[in-house]
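A.B. asks: This is the content of my_file_17.cif (mmCIF, C-alpha atoms and all ligand atoms):
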data_structure
loop_
_atom_site.label_atom_id
_atom_site.label_comp_id
_atom_site.auth_asym_id
_atom_site.auth_seq_id
_atom_site.Cartn_x
_atom_site.Cartn_y
_atom_site.Cartn_z
CA MET A 74 92.81 125.29 93.16
CA ALA A 75 91.63 122.21 91.25
CA LEU A 76 94.20 120.47 89.10
CA ARG A 77 93.82 121.01 85.39
CA THR A 78 97.27 120.18 84.03
CA LEU A 79 99.79 117.36 84.44
CA ILE A 80 103.38 117.98 83.34
CA LEU A 81 105.68 114.98 83.11
CA ASP A 82 109.42 114.71 82.75
CA PHE A 83 110.43 111.95 80.32
CA ASP A 84 113.72 110.12 81.07
CA GLY A 85 113.61 108.28 84.39
CA THR A 86 110.13 109.54 85.18
CA CYS A 87 108.33 107.61 82.45
CA THR A 88 111.17 105.25 81.52
CA ASP A 89 112.99 102.54 83.46
CA VAL A 90 116.54 103.90 83.27
CA PRO A 91 118.35 101.23 85.35
CA ALA A 92 117.11 98.56 82.90
CA THR A 93 119.53 99.78 80.23
CA HIS A 94 121.96 102.01 82.16
CA GLN A 95 124.94 99.64 81.92
CA ARG A 96 124.53 99.40 78.15
CA PHE A 97 124.45 103.20 77.97
CA LEU A 98 127.64 103.53 80.05
CA ASP A 99 129.40 100.78 78.03
CA GLU A 100 128.44 102.36 74.70
CA THR A 101 129.51 105.81 75.90
CA PHE A 102 132.89 104.39 76.92
CA ARG A 103 133.19 102.74 73.49
CA VAL A 104 132.49 106.00 71.62
CA TYR A 105 134.63 108.15 73.93
CA SER A 106 137.63 105.83 74.02
CA ALA A 107 137.51 105.52 70.22
CA ALA A 108 138.11 109.28 70.10
CA TYR A 109 140.65 109.24 72.96
CA PRO A 110 142.41 105.84 73.15
CA MET A 111 144.38 106.94 76.23
CA VAL A 112 141.11 106.51 78.18
CA THR A 113 141.26 102.88 79.25
CA LEU A 114 138.35 100.93 80.73
CA GLU A 115 140.10 101.05 84.09
CA ARG A 116 140.32 104.86 83.96
CA TRP A 117 136.69 105.12 82.80
CA GLU A 118 135.46 103.01 85.69
CA ARG A 119 137.59 104.95 88.15
CA ALA A 120 136.05 108.18 86.81
CA LEU A 121 132.49 106.85 87.20
CA THR A 122 133.28 105.84 90.79
CA ALA A 123 134.83 109.22 91.58
CA VAL A 124 131.89 111.18 90.15
CA ARG A 125 129.37 109.02 92.01
CA ALA A 126 131.29 109.46 95.26
CA ALA A 127 131.41 113.25 94.84
CA ALA A 128 127.62 113.54 94.30
CA PRO A 129 125.34 115.18 95.23
CA ASP A 130 127.63 118.06 96.25
CA ALA A 131 129.31 117.67 92.87
CA ALA A 132 126.91 118.68 90.14
CA TRP A 133 126.09 118.32 86.47
CA MET A 134 128.00 121.24 84.96
CA LEU A 135 126.87 120.98 81.34
CA ALA A 136 125.85 124.65 81.31
CA LYS A 137 128.81 125.73 83.51
CA VAL A 138 126.63 126.17 86.60
CA PRO A 139 125.41 123.37 88.89
CA ALA A 140 122.17 121.95 87.48
CA ALA A 141 121.58 118.53 89.11
CA PRO A 142 123.49 116.03 91.28
CA SER A 143 126.32 114.47 89.26
CA GLY A 144 125.20 110.89 90.02
CA ALA A 145 121.48 111.33 89.36
CA ASP A 146 121.30 109.15 86.26
CA PRO A 147 123.65 107.52 83.74
CA TYR A 148 123.36 110.46 81.31
CA VAL A 149 124.56 112.99 83.87
CA LEU A 150 127.07 110.53 85.34
CA ALA A 151 128.68 109.77 81.97
CA GLY A 152 128.83 113.47 81.08
CA GLU A 153 130.57 114.33 84.33
CA ALA A 154 132.93 111.33 84.05
CA ILE A 155 133.98 112.60 80.62
CA SER A 156 134.53 116.13 81.98
CA PHE A 157 136.60 114.61 84.82
CA LEU A 158 138.80 112.64 82.39
CA ASN A 159 139.12 115.64 80.06
CA ARG A 160 140.38 117.74 82.97
CA GLU A 161 142.75 114.97 84.03
CA ASP A 162 144.22 114.82 80.52
CA GLY A 163 144.17 118.58 79.97
CA ARG A 164 141.79 118.35 77.01
CA ARG A 165 140.14 121.60 76.06
CA ASP A 166 139.46 121.01 72.38
CA PRO A 167 135.86 121.01 71.13
CA GLN A 168 134.37 117.64 72.03
CA PRO A 169 132.39 115.56 69.56
CA ASP A 170 128.95 114.25 70.56
CA PHE A 171 129.53 111.13 72.68
CA PHE A 172 125.93 110.56 73.74
CA THR A 173 123.46 110.47 70.85
CA GLU A 174 124.44 107.00 69.62
CA PRO A 175 124.68 105.38 73.10
CA TYR A 176 121.29 106.89 74.06
CA LYS A 177 119.74 105.34 70.94
CA LEU A 178 121.41 101.96 71.42
CA ALA A 179 120.47 101.78 75.10
CA GLU A 180 116.88 102.97 74.80
CA ALA A 181 115.26 102.73 78.24
CA PRO A 182 111.90 100.92 78.18
CA PHE A 183 108.74 102.70 79.28
CA ARG A 184 107.54 102.05 82.81
CA PRO A 185 104.87 99.34 82.50
CA GLU A 186 102.19 101.40 84.26
CA LEU A 187 102.66 104.51 82.06
CA VAL A 188 99.78 103.89 79.63
CA SER A 189 97.24 103.27 82.36
CA VAL A 190 98.38 106.42 84.20
CA LEU A 191 98.05 108.52 81.02
CA GLU A 192 94.60 107.06 80.40
CA ALA A 193 93.52 107.82 83.96
CA ALA A 194 94.87 111.38 83.81
CA ASP A 195 92.98 111.93 80.57
CA ALA A 196 89.81 110.50 82.10
CA MET A 197 90.26 113.07 84.91
CA ASP A 198 90.20 115.76 82.18
CA LEU A 199 93.77 116.83 82.84
CA ALA A 200 95.77 118.38 80.03
CA ILE A 201 98.90 116.22 79.66
CA HIS A 202 102.27 117.73 78.70
CA PHE A 203 105.80 116.39 78.60
CA ILE A 204 108.65 118.82 79.29
CA SER A 205 112.06 117.25 78.81
CA ASN A 206 115.66 118.00 77.92
CA SER A 207 115.48 115.22 75.35
CA ASP A 208 114.66 115.97 71.76
CA THR A 209 111.01 116.77 70.95
CA LYS A 210 110.90 114.46 67.91
CA LYS A 211 112.47 111.58 69.82
CA ILE A 212 109.89 111.76 72.60
CA ALA A 213 107.00 112.31 70.19
CA GLY A 214 108.10 109.26 68.19
CA ARG A 215 108.27 107.06 71.27
CA LEU A 216 104.81 108.21 72.37
CA ASP A 217 103.50 107.53 68.84
CA SER A 218 104.66 103.90 69.17
CA LEU A 219 103.51 103.49 72.76
CA LEU A 220 100.02 104.80 71.99
CA ALA A 221 99.69 103.48 68.42
CA ASP A 222 96.39 101.81 69.31
CA LYS A 223 95.11 104.83 71.26
CA PRO A 224 95.27 107.68 68.71
CA ALA A 225 92.68 109.86 70.49
CA LEU A 226 94.76 109.84 73.68
CA ARG A 227 98.02 110.39 71.78
CA ALA A 228 96.55 113.41 69.96
CA LYS A 229 95.86 115.12 73.29
CA ILE A 230 99.42 114.79 74.65
CA LYS A 231 101.76 117.72 73.97
CA VAL A 232 105.54 117.53 74.01
CA GLU A 233 107.98 120.34 74.81
CA GLY A 234 111.41 118.80 74.25
CA ASN A 235 114.85 120.45 74.27
CA ALA A 236 113.76 122.34 77.37
CA ALA A 237 117.33 122.76 78.69
CA LYS A 238 116.19 122.63 82.32
CA PHE A 239 119.91 122.73 83.17
CA SER A 240 120.23 126.32 81.89
CA VAL A 241 120.35 128.74 84.78
CA MET A 242 119.58 131.98 82.98
CA GLU A 243 117.23 134.94 83.02
CA LEU A 244 114.26 135.08 80.66
CA PRO A 245 115.57 136.59 77.41
CA TRP A 246 114.84 140.33 77.62
CA ASP A 247 114.03 140.59 73.92
CA GLN A 248 111.35 137.90 73.81
CA THR A 249 107.71 138.41 74.59
CA PHE A 250 106.22 136.59 77.57
CA PRO A 251 102.87 137.15 79.29
CA GLN A 252 103.35 139.87 81.90
CA TRP A 253 102.27 137.62 84.78
CA LEU A 254 104.85 135.00 83.80
CA ARG A 255 107.71 137.49 83.65
CA GLN A 256 106.66 138.95 87.01
CA ARG A 257 106.53 135.51 88.64
CA PHE A 258 109.98 134.74 87.32
CA GLU A 259 111.37 138.09 88.44
CA ARG A 260 110.15 137.47 91.98
CA LEU A 261 111.99 134.13 92.26
CA PRO A 262 115.00 134.00 94.57
CA ALA A 263 118.27 132.96 92.92
CA GLU A 264 118.48 129.72 94.88
CA ALA A 265 116.36 127.31 96.89
CA ALA A 266 116.97 126.69 100.61
CA ARG A 267 120.60 125.62 101.01
CA ARG A 268 120.85 121.84 101.47
CA LEU A 269 124.28 121.13 99.96
CA SER A 270 127.71 122.76 99.89
CA ARG A 271 126.65 124.46 96.64
CA PRO A 272 123.56 126.43 95.61
CA ILE A 273 120.50 124.82 94.06
CA TYR A 274 119.49 127.34 91.46
CA LEU A 275 115.88 128.27 90.79
CA ARG A 276 116.08 130.85 88.00
CA ARG A 277 116.05 128.45 85.08
CA GLY A 278 114.86 130.70 82.30
CA SER A 279 114.80 128.01 79.63
CA TYR A 280 112.61 125.70 81.75
CA MET A 281 110.39 128.68 82.57
CA ARG A 282 109.95 129.37 78.87
CA ALA A 283 108.81 125.75 78.33
CA LEU A 284 106.39 125.99 81.28
CA GLY A 285 105.12 129.25 79.80
CA THR A 286 104.18 127.51 76.56
CA VAL A 287 101.91 125.24 78.62
CA TRP A 288 100.32 128.04 80.63
CA GLY A 289 100.09 130.88 78.09
CA ASP A 290 98.02 133.76 79.49
CA ASP A 291 96.59 131.67 82.35
CA ASP A 292 98.07 133.07 85.55
CA TYR A 293 96.32 130.31 87.49
CA GLY A 294 98.46 127.88 85.47
CA PRO A 295 101.05 127.15 88.19
CA SER A 296 98.53 126.62 91.00
CA SER A 297 96.42 124.26 88.86
CA THR A 298 99.38 122.17 87.65
CA LEU A 299 101.11 119.10 89.03
CA VAL A 300 104.67 118.52 87.81
CA CYS A 301 106.14 115.02 88.08
CA GLY A 302 109.89 114.36 87.76
CA ASP A 303 112.67 112.09 89.01
CA ILE A 304 115.35 114.69 89.87
CA TRP A 305 114.17 117.24 92.39
CA GLU A 306 116.66 119.93 91.56
CA LEU A 307 116.24 119.73 87.79
CA ASP A 308 112.53 118.98 87.47
CA LEU A 309 110.74 120.16 90.59
CA ALA A 310 112.59 122.93 92.45
CA LEU A 311 111.41 125.67 90.05
CA PRO A 312 107.78 124.42 89.78
CA ASP A 313 107.62 124.17 93.59
CA ALA A 314 108.87 127.75 93.94
CA LEU A 315 106.18 128.84 91.46
CA GLY A 316 103.42 127.21 93.55
CA CYS A 317 102.82 124.05 91.48
CA ALA A 318 101.99 120.71 93.08
CA VAL A 319 105.04 118.46 92.66
CA HIS A 320 105.56 114.70 92.73
CA LEU A 321 108.96 113.01 92.83
CA ILE A 322 109.48 109.55 91.34
CA GLU A 323 112.18 108.10 93.58
CA ARG A 324 115.06 106.67 91.59
CA ALA A 325 115.96 102.99 91.74
CA PRO A 326 119.51 101.74 92.38
CA PRO A 327 122.23 102.47 91.44
CA TYR A 328 120.93 106.05 91.13
CA PHE A 329 119.23 106.33 94.51
CA THR A 330 117.37 109.52 95.32
CA TYR A 331 119.52 111.58 97.69
CA ALA A 332 118.40 112.42 101.21
CA TYR A 333 118.40 116.16 100.43
CA GLU A 334 115.87 115.56 97.63
CA LEU A 335 113.51 113.80 100.02
CA ASP A 336 114.01 116.58 102.58
CA ALA A 337 113.12 119.12 99.88
CA MET A 338 109.98 117.15 99.01
CA THR A 339 108.98 117.12 102.67
CA ALA A 340 109.47 120.88 102.78
CA ALA A 341 107.62 121.47 99.49
CA ARG A 342 104.29 123.22 99.88
CA ARG A 343 102.48 120.64 97.77
CA GLY A 344 104.92 117.72 97.53
CA SER A 345 104.69 113.92 97.44
CA SER A 346 106.82 111.03 96.20
CA SER A 347 106.58 107.38 95.20
CA TYR A 348 108.70 104.64 93.62
CA ASP A 349 106.62 104.40 90.47
CA LEU A 350 103.87 106.13 88.49
CA ASN A 351 101.11 104.32 90.38
CA GLY A 352 101.98 106.63 93.28
CA LEU A 353 101.46 109.60 90.96
CA LEU A 354 98.04 108.27 90.02
CA ALA A 355 97.10 107.92 93.69
CA ARG A 356 98.22 111.54 94.24
CA LEU A 357 96.11 112.76 91.29
CA ARG A 358 93.07 110.94 92.69
CA ARG A 359 93.62 112.52 96.11
CA GLU A 360 93.98 116.01 94.60
CA LEU A 361 90.80 115.68 92.58
CA ALA A 362 88.82 114.16 95.45
CA SER A 363 89.70 117.12 97.68
CA SER A 364 88.94 119.83 95.10
MG MG B 401 114.35 112.67 84.35
#
Could the structure of this file be written out as structure tokens, please?

C.D. replies:
Amino acid sequence: MALRTLILDFDGTCTDVPATHQRFLDETFRVYSAAYPMVTLERWERALTAVRAAAPDAAWMLAKVPAAPSGADPYVLAGEAISFLNREDGRRDPQPDFFTEPYKLAEAPFRPELVSVLEAADAMDLAIHFISNSDTKKIAGRLDSLLADKPALRAKIKVEGNAAKFSVMELPWDQTFPQWLRQRFERLPAEAARRLSRPIYLRRGSYMRALGTVWGDDDYGPSSTLVCGDIWELDLALPDALGCAVHLIERAPPYFTYAYELDAMTAARRGSSSYDLNGLLARLRRELASS
């Protein structure tokens, strides 16, 4: 099936996260320790080290079920370090938001090749969509600035933010979805092939809902779509199970891609990976040349 749609993750896939990760971690420590002064820098650093060491078997537990490896990026790492310290201190009280301000202050720059890749994908007549956990307005605003001198291209790019790919849940029974989409979801197994001491869950109803907004009534949507992300479990495991082509952007240090992610990409029916978005472009060219 010829490719018609490109779906991109945002953070880490289109941005250079390591460039500003230390600032993000420092700012998160500042905000968190202002709320809880008993958390010293030494304890914070020990928590980061412990969470990193426990990954990838330890997971991002934001939604109470494992959603991604706990050391996959500074956002997940900081969240799990805070959970670790909260448990250590016996804190159960509602937690304020520790992340919005650090995320803003430590804005990760776009990957330098992003614009040329978007232009090439558009020239290939692919519909371009972003699906991300980050806020829709935030991503849209950053794309507005990035493509300020290319308004025709910007107008074609759609953004589905707040996708909550970490939510392992069924499709809400009381919402209307195209029948084909609900059936595809219902046929999914609960978990992908076991590669860790914990399950890697596939039935991510919130992510499926975001994918559904891209595909609508088109039941050829999955087979004509390539999804590109930087965390296999969070971004690509579900699309792979649905029959999409998938491309993994391998993470740079200190958030190296784990061996199990590369094994999963090797096992994927239509998988590939690269260190940057130029590798995605090469994959798109190969797909279109063979169709
Ligand atoms: Mg990402």

A.B. asks: Using only C-alpha atoms, pick whichever of A:Thr88, A:Thr78, A:Thr249, A:Ser218 has the shortest atom-to-atom distance to Asp303 in chain A.

C.D. replies: A:Thr88

A.B. asks: Could you give me the residues within 6 Å of ligand MG 401 (chain B), counting all atoms listed in the file, as a ChimeraX atom specification?

C.D. replies: /A:82-86,302-304

A.B. asks: Around the point (123.6, 109.2, 74.0) (coordinates from the file), which residues reach within 10 Å if we count only C-alpha atoms? Answer as a list in words.

C.D. replies: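 Residues close enough to count: Phe97, Leu98, Glu100, Thr101, Val104, Pro147, Tyr148, Ala151, Gly152, Asp170, Phe171, Phe172, Thr173, Glu174, Pro175, Tyr176, Lys177, Leu178, Ala179 and Glu180 of chain A.
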
A.B. asks: Now that the selection is made, can you save its residues with C-alpha atoms as a PDB file, in the coordinates of the input?

C.D. replies:
ATOM      1  CA  PHE A  97     124.450 103.200  77.970  1.00  0.00           C
ATOM      2  CA  LEU A  98     127.640 103.530  80.050  1.00  0.00           C
ATOM      3  CA  GLU A 100     128.440 102.360  74.700  1.00  0.00           C
ATOM      4  CA  THR A 101     129.510 105.810  75.900  1.00  0.00           C
ATOM      5  CA  VAL A 104     132.490 106.000  71.620  1.00  0.00           C
ATOM      6  CA  PRO A 147     123.650 107.520  83.740  1.00  0.00           C
ATOM      7  CA  TYR A 148     123.360 110.460  81.310  1.00  0.00           C
ATOM      8  CA  ALA A 151     128.680 109.770  81.970  1.00  0.00           C
ATOM      9  CA  GLY A 152     128.830 113.470  81.080  1.00  0.00           C
ATOM     10  CA  ASP A 170     128.950 114.250  70.560  1.00  0.00           C
ATOM     11  CA  PHE A 171     129.530 111.130  72.680  1.00  0.00           C
ATOM     12  CA  PHE A 172     125.930 110.560  73.740  1.00  0.00           C
ATOM     13  CA  THR A 173     123.460 110.470  70.850  1.00  0.00           C
ATOM     14  CA  GLU A 174     124.440 107.000  69.620  1.00  0.00           C
ATOM     15  CA  PRO A 175     124.680 105.380  73.100  1.00  0.00           C
ATOM     16  CA  TYR A 176     121.290 106.890  74.060  1.00  0.00           C
ATOM     17  CA  LYS A 177     119.740 105.340  70.940  1.00  0.00           C
ATOM     18  CA  LEU A 178     121.410 101.960  71.420  1.00  0.00           C
ATOM     19  CA  ALA A 179     120.470 101.780  75.100  1.00  0.00           C
ATOM     20  CA  GLU A 180     116.880 102.970  74.800  1.00  0.00           C
TER      21      GLU A 180
END

A.B. asks: To one decimal in Å, tell me the separation between CA of Gln168 in chain A and CA of Pro129 in chain A.

C.D. replies: 25.0 Å

A.B. asks: For a quick check of understanding, using only C-alpha atoms, which of A:Tyr331, A:Trp305, A:Tyr293, A:Phe102 has the smallest distance to Leu76 in chain A?

C.D. replies: A:Tyr293

A.B. asks: Can you pull out the residues contacting Ser296 in chain A? Cut-off 9 Å, using only C-alpha atoms, and skip same-chain residues under 2 positions away; I want them as a ChimeraX atom specification.

C.D. replies: /A:74-76,292-294,298-299,315-318

A.B. asks: Which residue, A:Ala340, A:His94, A:Ala107, A:Leu81, has the smallest gap to Ala310 in chain A when you use only C-alpha atoms?

C.D. replies: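 Smallest separation from Ala310 in chain A among the options: A:Ala340.
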
A.B. asks: Report as a count of residues only all protein, DNA and RNA residues lying within 12 Å of Ile212 in chain A, evaluated on all atoms listed in the file, omitting residues in the same chain fewer than 2 positions from it.

C.D. replies: 32

A.B. asks: Using the file's own x, y and z axes, so that the box edges lie along x, y and z, what centre and edge lengths in Å (one decimal) does a box around every listed atom of range 345-349 of chain A get when 5 Å is added on each side? Give it as AutoDock Vina command-line options.

C.D. replies:
--center_x 106.7 --center_y 109.2 --center_z 94.0 --size_x 14.0 --size_y 19.5 --size_z 17.0

A.B. asks: Got a sec: who's within 6 Å of Glu264 in chain A, counting only C-alpha atoms, leaving out chain neighbours fewer than 6 positions off, as a PyMOL selection string?

C.D. replies: chain A and resi 273-275

A.B. asks: Between CA of Cys301 in chain A and CA of Val287 in chain A, what is the spacing in Å?

C.D. replies: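 Spanning CA of Val287 in chain A to CA of Cys301 in chain A is a straight-line distance of 14.6 Å.
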
A.B. asks: Can you pull out the residues contacting Val319 in chain A? Cut-off 7 Å, using all atoms listed in the file, and skip same-chain residues under 2 positions away; I want them as a PyMOL selection string.

C.D. replies: chain A and resi 299-301+309+313+317+321+343-345

A.B. asks: CA of Ser106 in chain A to CA of Ala123 in chain A: how many Å, to one decimal?

C.D. replies: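 Computed distance, CA of Ser106 in chain A to CA of Ala123 in chain A, equals 18.1 Å.
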
A.B. asks: Taking into account all atoms listed in the file, which residue in the set A:Trp288, A:Phe157, A:Tyr348, A:Tyr280 is nearest to Leu311 in chain A?

C.D. replies: A:Tyr280

A.B. asks: Neighbours of Arg267 in chain A within 12 Å (all atoms listed in the file; same-chain residues fewer than 2 positions away dropped), as a list in words?

C.D. replies: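 Here the answer would be Asp130, Pro262, Ala263, Glu264, Ala265, Leu269, Ser270, Arg271, Pro272, Ile273, Tyr274, Leu275, Glu306, Tyr333, Glu334, Asp336 and Ala337 of chain A.
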
A.B. asks: So, counting all atoms listed in the file, which residue among A:Leu350, A:Leu357, A:Met338, A:Met134 is closest to Leu187 in chain A?

C.D. replies: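 Going through A:Leu350, A:Leu357, A:Met338, A:Met134 one by one, the smallest distance to Leu187 in chain A is for A:Leu350.
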
A.B. asks: Find, counting only C-alpha atoms, the residue in A:Asp99, A:Asp89, A:Asp308, A:Asp166 that gets nearest to Ala237 in chain A.

C.D. replies: A:Asp308

A.B. asks: With 9 Å as the threshold, what does the neighbourhood of (111.1, 129.9, 81.7) contain in terms of residues, counting all atoms listed in the file? Coordinates are those of the file; answer as a ChimeraX atom specification.

C.D. replies: /A:238,242-244,254-255,258,276-286

A.B. asks: Could N, CA and C atoms be built for range 105-126 of chain A and written out as a short mmCIF file (atom, residue, chain, number, x, y, z; two decimals), keeping the file's coordinate frame?

C.D. replies:
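Done, and the output landed in selection36.cif:
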data_model
loop_
_atom_site.label_atom_id
_atom_site.label_comp_id
_atom_site.auth_asym_id
_atom_site.auth_seq_id
_atom_site.Cartn_x
_atom_site.Cartn_y
_atom_site.Cartn_z
N TYR A 105 133.66 107.19 73.38
CA TYR A 105 134.63 108.15 73.93
C TYR A 105 136.06 107.63 73.77
N SER A 106 136.27 106.36 74.08
CA SER A 106 137.63 105.83 74.02
C SER A 106 138.08 105.64 72.57
N ALA A 107 137.12 105.56 71.64
CA ALA A 107 137.51 105.52 70.22
C ALA A 107 138.11 106.86 69.82
N ALA A 108 137.56 107.95 70.39
CA ALA A 108 138.11 109.28 70.10
C ALA A 108 139.40 109.53 70.87
N TYR A 109 139.49 109.00 72.09
CA TYR A 109 140.65 109.24 72.96
C TYR A 109 141.15 107.91 73.51
N PRO A 110 141.98 107.19 72.75
CA PRO A 110 142.41 105.84 73.15
C PRO A 110 143.18 105.81 74.48
N MET A 111 143.67 106.95 74.94
CA MET A 111 144.38 106.94 76.23
C MET A 111 143.41 106.71 77.39
N VAL A 112 142.10 106.80 77.12
CA VAL A 112 141.11 106.51 78.18
C VAL A 112 140.84 105.01 78.18
N THR A 113 141.44 104.33 79.13
CA THR A 113 141.26 102.88 79.25
C THR A 113 139.99 102.58 80.03
N LEU A 114 139.54 101.34 79.97
CA LEU A 114 138.35 100.93 80.73
C LEU A 114 138.58 101.15 82.24
N GLU A 115 139.79 100.88 82.66
CA GLU A 115 140.10 101.05 84.09
C GLU A 115 139.95 102.53 84.49
N ARG A 116 140.44 103.43 83.64
CA ARG A 116 140.32 104.86 83.96
C ARG A 116 138.86 105.31 83.91
N TRP A 117 138.11 104.79 82.95
CA TRP A 117 136.69 105.12 82.80
C TRP A 117 135.92 104.71 84.07
N GLU A 118 136.19 103.49 84.51
CA GLU A 118 135.46 103.01 85.69
C GLU A 118 135.86 103.78 86.95
N ARG A 119 137.14 104.15 87.00
CA ARG A 119 137.59 104.95 88.15
C ARG A 119 136.90 106.32 88.12
N ALA A 120 136.72 106.88 86.93
CA ALA A 120 136.05 108.18 86.81
C ALA A 120 134.59 108.08 87.24
N LEU A 121 133.90 107.03 86.80
CA LEU A 121 132.49 106.85 87.20
C LEU A 121 132.38 106.77 88.72
N THR A 122 133.30 106.00 89.33
CA THR A 122 133.28 105.84 90.79
C THR A 122 133.53 107.17 91.49
N ALA A 123 134.49 107.93 90.96
CA ALA A 123 134.83 109.22 91.58
C ALA A 123 133.66 110.20 91.49
N VAL A 124 133.00 110.24 90.34
CA VAL A 124 131.89 111.18 90.15
C VAL A 124 130.73 110.79 91.07
N ARG A 125 130.45 109.50 91.12
CA ARG A 125 129.37 109.02 92.01
C ARG A 125 129.65 109.40 93.46
N ALA A 126 130.93 109.20 93.86
CA ALA A 126 131.29 109.46 95.26
C ALA A 126 131.19 110.95 95.58
#
